[in-house]
>>> print(open('coords-v1.cif').read())   # mmCIF, C-alpha atoms
data_structure
loop_
_atom_site.label_atom_id
_atom_site.label_comp_id
_atom_site.auth_asym_id
_atom_site.auth_seq_id
_atom_site.Cartn_x
_atom_site.Cartn_y
_atom_site.Cartn_z
CA GLN B 8 -0.20 21.80 5.80
CA PHE B 9 -2.63 19.42 4.16
CA GLN B 10 -1.89 15.86 5.29
CA LEU B 11 -3.10 12.46 4.10
CA VAL B 12 -2.60 9.00 5.57
CA GLU B 13 -3.10 5.76 3.66
CA SER B 14 -4.08 2.42 5.16
CA GLY B 15 -5.49 -0.93 4.14
CA GLY B 16 -2.61 -2.49 2.28
CA GLY B 17 -1.41 -6.01 2.86
CA LEU B 18 -0.67 -9.41 1.39
CA VAL B 19 -3.48 -10.83 -0.72
CA GLN B 20 -3.82 -13.84 -2.96
CA PRO B 21 -4.55 -13.37 -6.66
CA GLY B 22 -8.25 -12.87 -7.20
CA GLY B 23 -8.71 -11.35 -3.78
CA SER B 24 -9.86 -7.87 -2.80
CA LEU B 25 -8.64 -4.97 -0.73
CA ARG B 26 -10.03 -1.61 0.24
CA LEU B 27 -7.46 1.12 0.64
CA SER B 28 -8.27 4.23 2.65
CA CYS B 29 -6.86 7.72 2.39
CA ALA B 30 -7.73 9.85 5.39
CA ALA B 31 -7.12 13.54 5.91
CA SER B 32 -5.57 14.57 9.17
CA GLU B 33 -7.82 16.29 11.69
CA SER B 34 -6.36 19.69 10.82
CA SER B 35 -6.90 19.05 7.09
CA ARG B 36 -10.55 18.01 7.23
CA SER B 37 -11.99 21.51 6.90
CA THR B 38 -10.59 21.84 3.37
CA PHE B 39 -10.73 18.19 2.34
CA ASP B 40 -13.80 18.68 0.15
CA SER B 41 -12.02 21.30 -1.95
CA TYR B 42 -9.44 18.83 -3.25
CA VAL B 43 -9.36 16.26 -5.98
CA ILE B 44 -7.88 13.08 -4.55
CA GLY B 45 -5.87 10.68 -6.65
CA TRP B 46 -4.46 7.22 -6.08
CA PHE B 47 -1.08 6.30 -7.49
CA ARG B 48 1.13 3.26 -7.32
CA GLN B 49 4.83 2.68 -7.68
CA VAL B 50 7.13 -0.30 -7.89
CA PRO B 51 10.87 0.00 -7.37
CA GLY B 52 12.66 1.27 -10.44
CA LYS B 53 9.52 2.52 -12.14
CA GLU B 54 7.75 5.84 -12.30
CA ARG B 55 4.76 6.53 -10.13
CA GLU B 56 1.59 5.60 -12.02
CA GLY B 57 -1.78 7.24 -11.57
CA VAL B 58 -4.55 4.67 -11.25
CA SER B 59 -7.63 6.64 -10.25
CA CYS B 60 -8.88 10.01 -9.08
CA ILE B 61 -12.11 11.52 -7.87
CA SER B 62 -13.44 15.05 -8.02
CA SER B 63 -13.84 17.11 -4.88
CA GLN B 64 -17.59 16.50 -4.66
CA ALA B 65 -17.41 12.92 -5.95
CA THR B 66 -19.33 13.78 -9.09
CA LYS B 67 -16.66 12.48 -11.46
CA SER B 68 -13.93 9.88 -11.36
CA ASN B 69 -11.21 8.76 -13.68
CA TYR B 70 -9.36 5.46 -14.07
CA GLU B 71 -6.24 4.30 -15.81
CA ASP B 72 -7.20 1.82 -18.54
CA SER B 73 -5.55 -1.23 -17.01
CA VAL B 74 -7.60 -0.98 -13.80
CA LYS B 75 -11.02 -0.17 -15.21
CA GLY B 76 -13.59 -2.66 -14.02
CA ARG B 77 -11.48 -3.78 -11.04
CA PHE B 78 -10.78 -0.53 -9.15
CA THR B 79 -13.51 1.65 -7.69
CA ILE B 80 -12.83 5.00 -6.09
CA SER B 81 -15.20 6.72 -3.69
CA ARG B 82 -15.08 9.41 -1.07
CA ASP B 83 -16.81 10.38 2.14
CA ASN B 84 -16.21 14.09 2.63
CA PRO B 85 -17.69 14.37 6.14
CA ARG B 86 -15.23 11.65 7.21
CA GLY B 87 -12.40 13.19 5.22
CA THR B 88 -11.67 9.89 3.54
CA VAL B 89 -11.26 8.51 0.04
CA TYR B 90 -11.44 4.79 -0.63
CA LEU B 91 -10.01 2.61 -3.36
CA GLN B 92 -11.73 -0.73 -3.68
CA ILE B 93 -9.57 -3.19 -5.58
CA ASP B 94 -11.13 -6.43 -6.77
CA ASN B 95 -9.73 -9.40 -8.66
CA LEU B 96 -6.23 -8.50 -7.60
CA LYS B 97 -3.41 -9.55 -9.90
CA PRO B 98 0.30 -10.01 -9.17
CA GLU B 99 1.01 -6.96 -11.35
CA ASP B 100 -0.99 -4.85 -8.89
CA THR B 101 1.82 -5.34 -6.37
CA ALA B 102 3.14 -1.88 -5.53
CA ASP B 103 3.24 0.87 -2.97
CA TYR B 104 -0.01 2.79 -3.21
CA TYR B 105 -0.16 6.52 -2.50
CA CYS B 106 -2.96 9.02 -2.32
CA ALA B 107 -2.48 12.67 -3.11
CA ALA B 108 -4.42 15.92 -3.25
CA SER B 109 -4.75 18.40 -6.08
CA ARG B 110 -6.91 21.25 -7.25
CA ARG B 111 -6.14 20.56 -10.90
CA VAL B 112 -8.78 19.44 -13.37
CA ARG B 113 -8.64 19.31 -17.16
CA PHE B 114 -11.72 19.41 -19.34
CA GLY B 115 -13.84 18.80 -16.26
CA LEU B 116 -12.00 15.63 -15.23
CA CYS B 117 -9.45 15.00 -12.51
CA VAL B 118 -6.04 14.11 -13.85
CA LEU B 119 -3.77 11.14 -13.28
CA SER B 120 -0.40 12.83 -13.63
CA ALA B 121 1.65 12.88 -10.46
CA GLU B 122 3.13 16.31 -11.16
CA ASP B 123 -0.31 17.86 -10.80
CA TYR B 124 -0.65 16.72 -7.18
CA ARG B 125 0.74 18.79 -4.36
CA TYR B 126 0.16 16.88 -1.13
CA TRP B 127 1.07 13.23 -0.72
CA GLY B 128 0.61 10.51 1.85
CA GLN B 129 3.35 8.11 2.92
CA GLY B 130 1.95 5.10 1.10
CA THR B 131 0.65 1.65 1.89
CA GLN B 132 2.08 -1.53 0.47
CA VAL B 133 0.02 -4.02 -1.53
CA THR B 134 1.46 -7.43 -2.32
CA VAL B 135 -0.44 -9.90 -4.47
CA SER B 136 1.03 -13.37 -4.25
CA SER B 137 0.00 -16.96 -3.71
#
>>> encode(input="coords-v1.cif", output="structure tokens")
Amino acid sequence: QFQLVESGGGLVQPGGSLRLSCAASESSRSTFDSYVIGWFRQVPGKEREGVSCISSQATKSNYEDSVKGRFTISRDNPRGTVYLQIDNLKPEDTADYYCAASRRVRFGLCVLSAEDYRYWGQGTQVTVSS
């Protein structure tokens, strides 16, 4: 089974930065470059929100409007890892962040809807507070 593990979360002050990582397990690396990878976040009581995704070969990426200009997604296929760089963190970015894998694209772009993703990591917590 395809497996992903997130890391890099933590407590950060407003205006700070974090880089989240999403790594494929050793047994999943051989097929890692065939998957779109998305990042999602969720706060208690709310639906999971897609924030960014990147195509399998890193040729295209997609961002939710509220994070454009602050979030940057990238991937390193030989390392089986996708990164989410988050700059100028705001308190409203506080959430559990998840990465997930999909083979779904629409009109040539990866999608940000959780139901289109099949494999999910366990999440990493990001808290933005002074």
>>> closest_residue(input="coords-v1.cif", among="B:Pro85, B:Gly128, B:Gly115, B:Pro51", to="Phe39 in chain B", atoms="all atoms listed in the file")
B:Pro85
>>> closest_residue(input="coords-v1.cif", among="B:Val12, B:Ala31, B:Val43, B:Cys117", to="Tyr104 in chain B", atoms="all atoms listed in the file")
B:Val12
>>> resolve_selection(input="coords-v1.cif", expression="the PyMOL selection byres ((chain B and resi 80) around 10)", output="short mmCIF file (atom, residue, chain, number, x, y, z; two decimals) with C-alpha atoms, in the frame of the given file")
data_model
loop_
_atom_site.label_atom_id
_atom_site.label_comp_id
_atom_site.auth_asym_id
_atom_site.auth_seq_id
_atom_site.Cartn_x
_atom_site.Cartn_y
_atom_site.Cartn_z
CA ARG B 26 -10.03 -1.61 0.24
CA LEU B 27 -7.46 1.12 0.64
CA SER B 28 -8.27 4.23 2.65
CA ILE B 44 -7.88 13.08 -4.55
CA GLY B 45 -5.87 10.68 -6.65
CA TRP B 46 -4.46 7.22 -6.08
CA VAL B 58 -4.55 4.67 -11.25
CA SER B 59 -7.63 6.64 -10.25
CA CYS B 60 -8.88 10.01 -9.08
CA ILE B 61 -12.11 11.52 -7.87
CA ALA B 65 -17.41 12.92 -5.95
CA LYS B 67 -16.66 12.48 -11.46
CA SER B 68 -13.93 9.88 -11.36
CA ASN B 69 -11.21 8.76 -13.68
CA TYR B 70 -9.36 5.46 -14.07
CA PHE B 78 -10.78 -0.53 -9.15
CA THR B 79 -13.51 1.65 -7.69
CA SER B 81 -15.20 6.72 -3.69
CA ARG B 82 -15.08 9.41 -1.07
CA VAL B 89 -11.26 8.51 0.04
CA TYR B 90 -11.44 4.79 -0.63
CA LEU B 91 -10.01 2.61 -3.36
CA GLN B 92 -11.73 -0.73 -3.68
CA ILE B 93 -9.57 -3.19 -5.58
#
>>> atom_distance(input="coords-v1.cif", atom1="CA of Val118 in chain B", atom2="CA of Cys106 in chain B")
13.0 Å
>>> closest_residue(input="coords-v1.cif", among="B:Asn95, B:Gln49, B:Ser35, B:Ser24", to="Ala121 in chain B", atoms="only C-alpha atoms")
B:Gln49
>>> resolve_selection(input="coords-v1.cif", expression="the PyMOL selection byres ((chain B and resi 9) around 7)", output="ChimeraX atom specification")
/B:8,10-11,35,126
>>> closest_residue(input="coords-v1.cif", among="B:Val135, B:Asn84, B:Gly17, B:Ser32", to="Glu99 in chain B", atoms="all atoms listed in the file")
B:Val135
>>> resolve_selection(input="coords-v1.cif", expression="the PyMOL selection byres ((chain B and resi 41) around 8)", output="ChimeraX atom specification")
/B:38-40,42-43,63-64,110
